[in-house]
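Structure below is final05.cif: mmCIF, C-alpha atoms.
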data_model
#
loop_
_atom_site.label_atom_id
_atom_site.label_comp_id
_atom_site.auth_asym_id
_atom_site.auth_seq_id
_atom_site.Cartn_x
_atom_site.Cartn_y
_atom_site.Cartn_z
CA MET O 1 189.94 92.31 118.25
CA VAL O 2 190.77 91.86 121.92
CA LEU O 3 189.02 95.01 123.00
CA GLY O 4 186.01 94.24 120.84
CA SER O 5 185.43 90.84 122.42
CA GLY O 6 185.74 92.30 125.90
CA ILE O 7 182.42 94.10 125.95
CA THR O 8 180.54 90.90 125.20
CA GLN O 9 181.99 89.45 128.35
CA THR O 10 181.13 92.58 130.32
CA ARG O 11 177.50 91.53 130.60
CA ASP O 12 178.67 88.38 132.32
CA MET O 13 181.20 90.21 134.48
CA THR O 14 178.59 91.49 136.88
CA ARG O 15 177.83 87.88 137.76
CA CYS O 16 181.50 87.18 138.56
CA PRO O 17 183.15 87.90 141.91
CA TRP O 18 184.44 91.46 142.05
CA GLN O 19 187.96 90.21 142.74
CA LYS O 20 188.06 88.53 139.32
CA LEU O 21 186.46 91.46 137.53
CA GLU O 22 189.49 93.73 137.66
CA ASP O 23 191.80 90.89 136.60
CA ILE O 24 189.66 90.24 133.52
CA LEU O 25 189.51 93.93 132.63
CA GLN O 26 193.23 94.34 133.05
CA GLU O 27 193.86 91.36 130.79
CA LYS O 28 191.41 92.43 128.07
CA PHE O 29 191.59 96.24 128.21
CA ASP O 30 194.94 96.97 129.80
CA SER O 31 197.46 94.29 129.01
CA GLU O 32 200.31 96.64 129.92
CA SER O 33 198.87 97.27 133.42
CA SER O 34 198.86 101.02 132.95
CA GLY O 35 195.35 101.39 134.41
CA PHE O 36 194.06 103.23 131.34
CA ILE O 37 192.40 102.48 128.00
CA SER O 38 193.08 104.37 124.81
CA THR O 39 190.11 106.58 123.91
CA GLU O 40 190.57 105.66 120.24
CA ARG O 41 190.27 101.96 120.96
CA PHE O 42 187.46 102.72 123.40
CA ARG O 43 185.46 104.50 120.67
CA ASP O 44 186.05 101.54 118.34
CA LEU O 45 184.71 99.30 121.06
CA LEU O 46 181.56 101.40 121.43
CA ALA O 47 181.05 101.61 117.66
CA ALA O 48 181.29 97.85 117.29
CA HIS O 49 179.21 96.79 120.27
CA GLY O 50 177.28 99.87 121.38
CA SER O 51 173.97 98.35 120.29
CA GLU O 52 174.38 95.69 122.97
CA LEU O 53 174.52 98.29 125.75
CA ASP O 54 171.74 100.18 127.47
CA PRO O 55 171.30 103.44 125.49
CA HIS O 56 171.63 105.63 128.60
CA LYS O 57 174.90 104.00 129.59
CA LEU O 58 176.10 104.25 126.02
CA GLU O 59 175.50 108.02 126.04
CA VAL O 60 177.45 108.41 129.27
CA LEU O 61 180.28 106.28 127.88
CA LEU O 62 180.44 108.46 124.78
CA ALA O 63 180.54 111.55 126.98
CA LEU O 64 183.29 109.92 129.02
CA ALA O 65 185.33 109.24 125.88
CA ASP O 66 184.78 112.72 124.46
CA GLY O 67 185.59 114.36 127.78
CA ASN O 68 189.11 112.98 128.05
CA ALA O 69 191.35 115.19 125.98
CA ASP O 70 194.47 113.39 127.17
CA GLY O 71 193.59 110.35 125.01
CA LYS O 72 193.08 107.78 127.75
CA ILE O 73 190.35 106.55 130.07
CA CYS O 74 190.73 104.89 133.44
CA TYR O 75 189.32 101.39 132.97
CA GLN O 76 188.03 101.39 136.55
CA ASP O 77 185.58 104.11 135.50
CA PHE O 78 184.29 101.69 132.89
CA VAL O 79 183.82 99.08 135.63
CA ASN O 80 181.97 101.62 137.76
CA LEU O 81 179.60 102.43 134.94
CA MET O 82 178.82 98.81 134.10
CA SER O 83 178.24 98.02 137.78
CA ASN O 84 176.05 101.10 138.37
CA LYS O 85 178.68 102.86 140.49
CA ARG O 86 180.22 106.26 140.04
CA SER O 87 183.30 107.74 141.62
CA ASN O 88 184.14 111.40 142.07
CA SER O 89 186.81 111.20 139.38
CA PHE O 90 184.30 109.62 137.01
CA ARG O 91 181.86 112.47 137.65
CA ARG O 92 184.55 115.02 136.82
CA ALA O 93 185.42 113.12 133.65
CA ILE O 94 181.90 112.99 132.28
CA LEU O 95 181.32 116.64 133.17
CA GLN O 96 183.86 117.53 130.50
CA GLY O 97 181.94 115.57 127.89
CA SER O 98 178.43 116.44 129.03
CA ARG O 99 177.95 118.79 126.09
CA GLN O 100 177.81 115.75 123.84
CA LEU O 101 174.58 114.72 125.56
CA LYS O 102 172.74 117.90 124.67
CA GLY O 103 172.17 116.79 121.13
CA ALA O 104 170.94 113.37 122.21
CA GLY O 105 167.33 112.50 122.84
CA ALA O 106 166.13 113.77 126.19
CA LEU O 107 164.70 111.41 128.75
CA GLY O 108 161.37 113.24 128.60
CA GLU O 109 161.00 112.37 124.88
CA GLU O 110 160.91 108.62 125.44
CA VAL O 111 157.61 106.87 124.73
CA GLY O 112 156.13 103.51 125.60
CA LEU O 113 157.10 103.67 129.27
CA GLY O 114 155.14 101.83 131.93
CA LEU O 115 153.49 103.51 134.90
CA SER O 116 156.41 102.85 137.25
CA GLN O 117 158.92 104.07 134.66
CA ARG O 118 156.95 107.28 134.14
CA LEU O 119 156.89 107.80 137.90
CA VAL O 120 160.67 107.38 138.14
CA ARG O 121 161.14 109.74 135.19
CA HIS O 122 158.85 112.30 136.82
CA ILE O 123 160.82 112.15 140.08
CA ALA O 124 164.08 112.51 138.16
CA TYR O 125 162.83 115.74 136.58
CA GLU O 126 161.49 116.98 139.93
CA THR O 127 164.74 116.59 141.84
CA LEU O 128 167.75 116.53 139.47
CA PRO O 129 168.93 119.56 137.47
CA ARG O 130 171.23 117.82 134.94
CA GLU O 131 170.07 115.61 132.08
CA ILE O 132 173.00 113.24 132.49
CA ASP O 133 172.03 112.66 136.14
CA ARG O 134 168.39 112.19 135.24
CA LYS O 135 169.27 109.58 132.65
CA TRP O 136 171.63 107.85 135.04
CA TYR O 137 169.02 107.75 137.78
CA PHE O 138 166.29 106.52 135.42
CA ASP O 139 168.56 103.77 134.15
CA SER O 140 169.89 102.57 137.51
CA TYR O 141 166.89 102.96 139.85
CA THR O 142 165.50 99.57 140.91
CA CYS O 143 163.27 100.52 143.88
CA CYS O 144 165.45 98.29 146.02
CA PRO O 145 165.45 99.36 148.75
CA PRO O 146 162.16 101.30 148.54
CA PRO O 147 161.81 104.74 150.18
CA TRP O 148 161.09 103.21 153.57
CA LEU O 149 162.53 105.82 155.94
CA ILE O 150 160.16 108.75 155.37
CA LEU O 151 157.20 106.37 155.16
CA ALA O 152 158.19 104.70 158.45
CA ILE O 153 158.64 108.06 160.19
CA THR O 154 155.28 109.26 158.88
CA ILE O 155 153.46 106.11 160.02
CA ALA O 156 155.06 106.37 163.47
CA GLU O 157 154.08 110.03 163.82
CA VAL O 158 150.49 109.35 162.78
CA ALA O 159 150.31 106.38 165.17
CA VAL O 160 151.56 108.47 168.12
CA PHE O 161 149.09 111.23 167.30
CA MET O 162 146.21 108.73 167.12
CA TYR O 163 147.26 107.24 170.45
CA TYR O 164 147.29 110.59 172.22
CA GLY O 165 144.13 111.68 170.45
CA LEU O 166 142.26 108.68 171.83
CA GLN O 167 143.89 108.94 175.24
CA LEU O 168 143.20 112.65 175.65
CA ASP O 169 139.94 112.59 173.67
CA ARG O 170 141.20 115.67 171.87
CA TRP O 171 142.25 116.10 168.22
CA VAL O 172 142.73 119.87 168.04
CA LEU O 173 145.02 121.84 170.38
CA GLN O 174 146.13 118.78 172.28
CA VAL O 175 148.61 121.02 174.10
CA SER O 176 145.70 122.46 176.07
CA SER O 177 145.35 119.12 177.84
CA PRO O 178 147.19 118.92 181.19
CA HIS O 179 148.41 115.42 180.33
CA PHE O 180 149.95 116.29 176.95
CA LEU O 181 153.41 117.28 178.18
CA ARG O 182 153.62 114.56 180.81
CA GLY O 183 154.50 111.88 178.28
CA PRO O 184 158.02 110.62 177.58
CA LEU O 185 158.29 112.22 174.11
CA PRO O 186 157.81 116.03 174.16
CA TYR O 187 160.73 118.33 174.81
CA HIS O 188 160.21 120.30 178.00
CA PRO O 189 162.91 122.60 179.42
CA GLN O 190 162.29 121.20 182.90
CA LEU O 191 163.17 117.73 181.59
CA ARG O 192 166.02 118.67 179.24
CA ILE O 193 168.38 116.32 181.09
CA GLN O 194 166.51 113.49 179.33
CA ALA O 195 168.50 113.73 176.12
CA TRP O 196 166.19 111.61 173.96
CA ARG O 197 163.55 114.36 174.12
CA TYR O 198 165.66 116.52 171.79
CA LEU O 199 164.69 114.05 169.04
CA SER O 200 161.56 112.26 170.26
CA TYR O 201 159.51 115.47 170.33
CA ALA O 202 159.18 115.12 166.55
CA PHE O 203 156.64 112.34 167.02
CA MET O 204 154.25 114.62 168.95
CA HIS O 205 151.96 117.19 167.31
CA ALA O 206 149.81 119.94 168.74
CA GLY O 207 146.73 119.04 166.72
CA ILE O 208 145.41 117.46 163.55
CA GLU O 209 146.10 120.62 161.52
CA HIS O 210 149.71 120.59 162.73
CA LEU O 211 150.09 116.93 161.82
CA GLY O 212 148.34 117.30 158.46
CA LEU O 213 150.52 120.11 157.13
CA ASN O 214 153.73 118.45 158.28
CA MET O 215 152.81 115.05 156.86
CA ALA O 216 151.77 116.55 153.52
CA MET O 217 155.09 118.34 153.07
CA GLN O 218 157.04 115.39 154.46
CA LEU O 219 155.54 112.90 152.00
CA LEU O 220 155.39 115.14 148.93
CA VAL O 221 159.00 116.27 149.28
CA GLY O 222 160.69 113.64 151.44
CA VAL O 223 159.68 110.49 149.56
CA PRO O 224 160.91 111.66 146.11
CA LEU O 225 164.14 112.95 147.66
CA GLU O 226 164.70 109.62 149.39
CA MET O 227 164.07 107.74 146.14
CA VAL O 228 166.83 109.77 144.49
CA HIS O 229 169.35 110.39 147.27
CA GLY O 230 168.75 107.37 149.51
CA ALA O 231 167.71 106.94 153.13
CA LEU O 232 171.14 107.77 154.55
CA ARG O 233 171.36 111.27 153.09
CA ILE O 234 167.72 112.15 153.69
CA GLY O 235 167.82 110.69 157.18
CA LEU O 236 170.91 112.77 157.96
CA VAL O 237 169.23 116.01 156.89
CA TYR O 238 165.99 115.13 158.69
CA VAL O 239 167.60 114.15 162.00
CA CYS O 240 169.94 117.16 161.92
CA GLY O 241 166.93 119.41 161.34
CA VAL O 242 165.01 117.87 164.24
CA LEU O 243 167.97 118.17 166.61
CA ALA O 244 168.76 121.72 165.51
CA GLY O 245 165.13 122.68 166.10
CA SER O 246 165.03 121.60 169.76
CA LEU O 247 168.49 122.99 170.48
CA ALA O 248 167.56 126.33 168.91
CA VAL O 249 164.53 126.50 171.18
CA SER O 250 166.63 125.64 174.24
CA VAL O 251 168.95 128.56 173.41
CA THR O 252 166.54 131.27 172.23
CA ASP O 253 163.16 130.38 173.80
CA MET O 254 164.36 128.81 177.00
CA THR O 255 161.07 128.39 178.84
CA ALA O 256 159.04 126.83 176.01
CA PRO O 257 158.40 123.15 175.23
CA VAL O 258 158.62 121.77 171.69
CA VAL O 259 156.48 119.31 169.73
CA GLY O 260 156.18 118.44 166.04
CA SER O 261 158.40 117.27 163.21
CA SER O 262 158.67 120.73 161.66
CA GLY O 263 162.44 120.91 162.22
CA GLY O 264 163.08 117.85 160.05
CA VAL O 265 160.36 118.69 157.51
CA TYR O 266 161.55 122.26 157.05
CA ALA O 267 165.13 121.06 156.65
CA LEU O 268 164.11 118.80 153.74
CA VAL O 269 161.75 121.29 152.09
CA SER O 270 164.11 124.27 152.37
CA ALA O 271 167.04 122.22 151.06
CA HIS O 272 164.98 121.08 148.08
CA LEU O 273 163.64 124.56 147.32
CA ALA O 274 167.12 126.06 147.59
CA ASN O 275 168.44 123.39 145.22
CA VAL O 276 165.71 124.23 142.72
CA VAL O 277 166.47 127.96 142.90
CA MET O 278 170.24 127.44 142.58
CA ASN O 279 169.71 125.23 139.50
CA TRP O 280 166.67 127.02 138.12
CA SER O 281 167.62 126.83 134.44
CA GLY O 282 168.41 123.12 134.64
CA MET O 283 165.29 122.06 136.54
CA LYS O 284 162.73 120.77 134.05
CA CYS O 285 159.91 119.96 136.47
CA GLN O 286 156.47 121.06 135.35
CA PHE O 287 154.95 124.15 136.96
CA LYS O 288 158.06 124.62 139.10
CA LEU O 289 157.17 128.21 139.94
CA PHE O 290 153.66 127.24 141.00
CA ARG O 291 154.96 124.29 143.00
CA MET O 292 157.49 126.48 144.79
CA ALA O 293 154.77 129.01 145.58
CA MET O 294 152.51 126.30 147.00
CA ALA O 295 155.35 124.91 149.13
CA LEU O 296 156.11 128.37 150.48
CA VAL O 297 152.41 128.95 151.21
CA CYS O 298 152.16 125.65 153.14
CA MET O 299 155.33 126.49 155.09
CA SER O 300 154.07 129.99 155.84
CA VAL O 301 150.67 128.74 157.00
CA GLU O 302 152.22 126.13 159.26
CA PHE O 303 154.77 128.59 160.62
CA GLY O 304 152.08 131.21 161.18
CA ARG O 305 150.00 128.67 163.07
CA ALA O 306 153.02 127.91 165.27
CA VAL O 307 153.66 131.59 165.99
CA TRP O 308 150.01 132.17 166.84
CA LEU O 309 149.97 129.14 169.13
CA ARG O 310 153.14 130.24 170.92
CA PHE O 311 151.58 133.55 172.00
CA TYR O 312 148.06 132.19 172.46
CA PRO O 313 147.07 132.32 176.14
CA PRO O 314 148.10 128.97 177.60
CA ALA O 315 145.40 126.86 179.20
CA PHE O 316 147.64 126.11 182.15
CA PRO O 317 149.86 129.10 182.98
CA PRO O 318 152.67 129.61 183.68
CA CYS O 319 153.50 126.78 181.24
CA PRO O 320 153.74 128.39 177.74
CA ASN O 321 152.60 126.82 174.53
CA PRO O 322 155.18 125.08 172.25
CA SER O 323 157.79 127.24 170.55
CA PHE O 324 157.99 128.04 166.84
CA VAL O 325 161.78 128.46 166.80
CA ALA O 326 162.25 124.79 165.82
CA HIS O 327 160.99 125.72 162.34
CA LEU O 328 163.78 128.27 161.95
CA GLY O 329 166.39 125.75 163.13
CA GLY O 330 165.21 123.31 160.46
CA VAL O 331 165.36 125.98 157.76
CA MET O 332 168.94 126.88 158.68
CA VAL O 333 169.98 123.22 158.46
CA GLY O 334 168.26 122.88 155.08
CA LEU O 335 169.90 125.99 153.61
CA THR O 336 173.38 124.93 154.70
CA LEU O 337 173.98 121.25 155.32
CA GLY O 338 170.90 120.11 153.38
CA VAL O 339 171.81 121.97 150.19
CA VAL O 340 175.29 120.43 150.17
CA VAL O 341 173.92 116.92 150.77
CA LEU O 342 171.42 117.21 147.88
CA GLN O 343 173.58 119.24 145.51
CA ASN O 344 175.82 116.50 144.12
CA TYR O 345 173.86 113.43 143.15
CA GLU O 346 175.75 110.15 143.66
CA GLN O 347 178.92 111.87 144.86
CA ARG O 348 180.15 110.49 148.16
CA LEU O 349 179.67 112.85 151.06
CA GLN O 350 183.12 112.10 152.47
CA GLU O 351 184.62 113.42 149.22
CA GLN O 352 182.94 116.83 149.51
CA SER O 353 184.97 119.43 151.35
CA LEU O 354 182.00 121.79 151.59
CA PHE O 355 180.00 119.07 153.33
CA TRP O 356 182.65 118.69 156.01
CA ILE O 357 182.79 122.46 156.50
CA PHE O 358 179.03 122.75 157.10
CA PHE O 359 178.95 119.54 159.12
CA SER O 360 181.74 120.85 161.35
CA VAL O 361 179.85 124.12 161.83
CA TYR O 362 176.74 122.11 162.71
CA LEU O 363 178.66 120.02 165.26
CA LEU O 364 180.08 123.22 166.74
CA PHE O 365 176.56 124.57 167.12
CA VAL O 366 175.43 121.34 168.81
CA LEU O 367 178.40 121.46 171.18
CA CYS O 368 177.76 125.12 172.10
CA ALA O 369 174.06 124.38 172.63
CA VAL O 370 174.91 121.48 174.94
CA PHE O 371 177.13 123.72 177.07
CA TRP O 372 174.41 126.36 177.05
CA ASN O 373 171.88 123.83 178.35
CA VAL O 374 174.26 122.69 181.07
CA PHE O 375 175.33 126.09 182.41
CA ALA O 376 173.18 128.96 181.07
CA TYR O 377 169.91 128.09 182.79
CA SER O 378 171.45 128.26 186.25
CA LEU O 379 173.70 131.24 185.48
CA LEU O 380 170.78 133.26 184.10
CA ASP O 381 168.49 132.02 186.87
CA VAL O 382 165.78 131.09 184.38
CA ARG O 383 162.47 130.21 186.00
CA LEU O 384 161.27 127.12 184.23
CA PRO O 385 157.57 126.28 183.94
CA PRO O 386 156.22 123.17 185.68
CA THR O 387 155.62 119.96 183.75
CA LEU O 388 151.96 120.05 184.86
#

Would you kindly transcribe this structure into structure tokens?
Amino acid sequence: MVLGSGITQTRDMTRCPWQKLEDILQEKFDSESSGFISTERFRDLLAAHGSELDPHKLEVLLALADGNADGKICYQDFVNLMSNKRSNSFRRAILQGSRQLKGAGALGEEVGLGLSQRLVRHIAYETLPREIDRKWYFDSYTCCPPPWLILAITIAEVAVFMYYGLQLDRWVLQVSSPHFLRGPLPYHPQLRIQAWRYLSYAFMHAGIEHLGLNMAMQLLVGVPLEMVHGALRIGLVYVCGVLAGSLAVSVTDMTAPVVGSSGGVYALVSAHLANVVMNWSGMKCQFKLFRMAMALVCMSVEFGRAVWLRFYPPAFPPCPNPSFVAHLGGVMVGLTLGVVVLQNYEQRLQEQSLFWIFFSVYLLFVLCAVFWNVFAYSLLDVRLPPTL
């Protein structure tokens, strides 16, 4: 059978150049060049050679076949599956057949897994609400590349804090040192013309308690999210949160400086928590209610510390202590742009209309904040504090 012999060659296809792959598929699966495969012949193919496939991919293929009521399957979707790629059309196709997976063995029921496999499975249940996505992630994750972005940011932030701690000989309330805001990293309204400060302030922290809470949330939430969604998506949410935090301060708390990575951290954490709440019934993570409560407690403690510090009598008036508004800017990014970025696993961002809507709103906010920083300070005759 022509179709039957094709799947045996599929395991070798991934070693062939991609230009030849489609030619081979068209010859074996689609001799009439229609671009589709009959679902009947496709089921025969799976029945004859399904044992040679990975069981997770086999389940998705069965769902794909059962989800196409029109009797045909695009053979490019088959290529995408065998090459660990998914398109938006493929996602819509398997959604129709996802009910077929409910009777299959769940990923959590598998035994004999190694330590790394159990870790990947745990992360899948912590971050993904649908069983078909969890199985896909478990099957395709190779730890290449590793979750380097959040780890690199964390190491850099700890290194900067250690440097200033040794230089100032102060590990708690570093902002009370007259030299703290003189560095090239903190955001200070007097130096807002130096555009890099709207991002670089994230590497500075007011004290060891500030650093500790942010790093704990950043690692516990950011690393698993990066393992699932990749550095590009997580980096986008993190950087947008950091930028929104400093811009929000420059608009609403115009005389205050800003330090800390809370804008980026709160963007990630709030996006993840919102995703869990929106998909509550599908999330199978253990103790999810307790974990959400602990995350909210950590966020509340850190935010409360920031509010207290903002209104604490500054050591060097009239320069105020750092603002807490950056936290709120990060939360707003997480609840809007962040939720959209994390909502659809493996779906390309450029194919999501909702992503472009929120991203456009975010860019509009950035543009308005830039104009505000250029004109509002002089028009309102704001008296800015000295840089000490």

So how many Å separate CA of Val120 (chain O) and CA of Gly241 (chain O), to one decimal?
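For CA of Val120 (chain O) relative to CA of Gly241 (chain O), the distance reads 26.9 Å.
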
Residues of region 185-284 of chain O that have any atom at most 10 Å from an atom of region 331-345 of chain O: could you tabulate them with the shortest-distance atom pair and the distance in Å to one decimal, using all atoms listed in the file, ordered by chain and increasing number, as a Markdown table?
| residue | atom | partner | partner_atom | distance |
| --- | --- | --- | --- | --- |
| O:Leu225 | CA | O:Leu342 | CA | 8.4 |
| O:Val228 | CA | O:Tyr345 | CA | 8.0 |
| O:His229 | CA | O:Tyr345 | CA | 6.8 |
| O:Arg233 | CA | O:Val341 | CA | 6.6 |
| O:Ile234 | CA | O:Val341 | CA | 8.3 |
| O:Leu236 | CA | O:Gly338 | CA | 8.7 |
| O:Val237 | CA | O:Gly338 | CA | 5.6 |
| O:Tyr238 | CA | O:Gly338 | CA | 8.8 |
| O:Cys240 | CA | O:Val333 | CA | 7.0 |
| O:Gly241 | CA | O:Val333 | CA | 5.7 |
| O:Val242 | CA | O:Val333 | CA | 9.3 |
| O:Leu243 | CA | O:Val333 | CA | 9.8 |
| O:Ala244 | CA | O:Val333 | CA | 7.3 |
| O:Gly245 | CA | O:Val331 | CA | 9.0 |
| O:Ser262 | CA | O:Val331 | CA | 9.4 |
| O:Gly263 | CA | O:Val331 | CA | 7.4 |
| O:Gly264 | CA | O:Val331 | CA | 8.7 |
| O:Val265 | CA | O:Val331 | CA | 8.8 |
| O:Tyr266 | CA | O:Val331 | CA | 5.4 |
| O:Ala267 | CA | O:Gly334 | CA | 3.9 |
| O:Leu268 | CA | O:Gly334 | CA | 6.0 |
| O:Val269 | CA | O:Gly334 | CA | 7.3 |
| O:Ser270 | CA | O:Gly334 | CA | 5.1 |
| O:Ala271 | CA | O:Gly334 | CA | 4.3 |
| O:His272 | CA | O:Val339 | CA | 7.2 |
| O:Leu273 | CA | O:Leu335 | CA | 9.0 |
| O:Ala274 | CA | O:Leu335 | CA | 6.6 |
| O:Asn275 | CA | O:Val339 | CA | 6.2 |
| O:Val276 | CA | O:Gln343 | CA | 9.7 |
| O:Met278 | CA | O:Gln343 | CA | 9.3 |
| O:Asn279 | CA | O:Gln343 | CA | 9.3 |

Pick from O:Ser323, O:Ser281, O:Gln347, O:Ser116: nearest to Val249 (chain O), with only C-alpha atoms counted?
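Of all the options, O:Ser323 lies closest to Val249 (chain O).
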
Counting only C-alpha atoms, which residues of region 209-305 of chain O fall within 9 Å of region 179-188 of chain O, and what is the closest atom pair for each with its distance in Å at one decimal, ordered by chain and rising number, as a Markdown table?
| residue | atom | partner | partner_atom | distance |
| --- | --- | --- | --- | --- |
| O:Ser246 | CA | O:Tyr187 | CA | 7.4 |
| O:Thr255 | CA | O:His188 | CA | 8.2 |
| O:Ala256 | CA | O:His188 | CA | 6.9 |
| O:Pro257 | CA | O:His188 | CA | 4.4 |
| O:Val258 | CA | O:Tyr187 | CA | 5.1 |
| O:Val259 | CA | O:Pro186 | CA | 5.7 |
| O:Gly260 | CA | O:Pro186 | CA | 8.6 |

What lies within 9 Å of region 210-215 of chain O using all atoms listed in the file, ignoring chain neighbours under 6 positions off, as an MDAnalysis selection string?
chainID O and resid 154 157:158 161 172 204 260:262 265:266 298:299 301:302 305:306

For the provided coordinates, the residues matched by the PyMOL selection byres ((chain O and resi 173-175) around 8) should be stated as a ChimeraX atom specification.
/O:165,168,170-172,176-178,180-181,205-207,321-322

Tell me which of O:Ala326, O:Gln286, O:Ala248, O:Met292 sits closest to Tyr362 (chain O), counting all atoms listed in the file.
O:Ala248

Restricting the calculation to all atoms listed in the file: of O:Gln190, O:Ser378, O:Tyr164, O:Val221, which residue gets closest to Ile208 (chain O)?
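Of all the options, O:Tyr164 lies closest to Ile208 (chain O).
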
Have a look at CA of Leu191 (chain O) and CA of Asp253 (chain O) and let me know their distance in Å, one decimal.
14.9 Å

Box dimensions and centre (Å, one decimal) enclosing region 193-196 of chain O, axis-aligned, 8 Å extra per side, as AutoDock Vina command-line options:
--center_x 167.3 --center_y 114.0 --center_z 177.5 --size_x 18.3 --size_y 20.7 --size_z 23.1

Between CA of Pro317 (chain O) and CA of Asp169 (chain O), what distance in Å does the model show, to one decimal?
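CA of Asp169 (chain O) lies at a distance of 21.4 Å from CA of Pro317 (chain O).
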
Which residues are near Tyr377 (chain O)? Cut-off 9 Å, all atoms listed in the file, ignore same chain within fewer than 6 positions. Put them as a list in words.
Met254, Arg383 and Leu384 of chain O
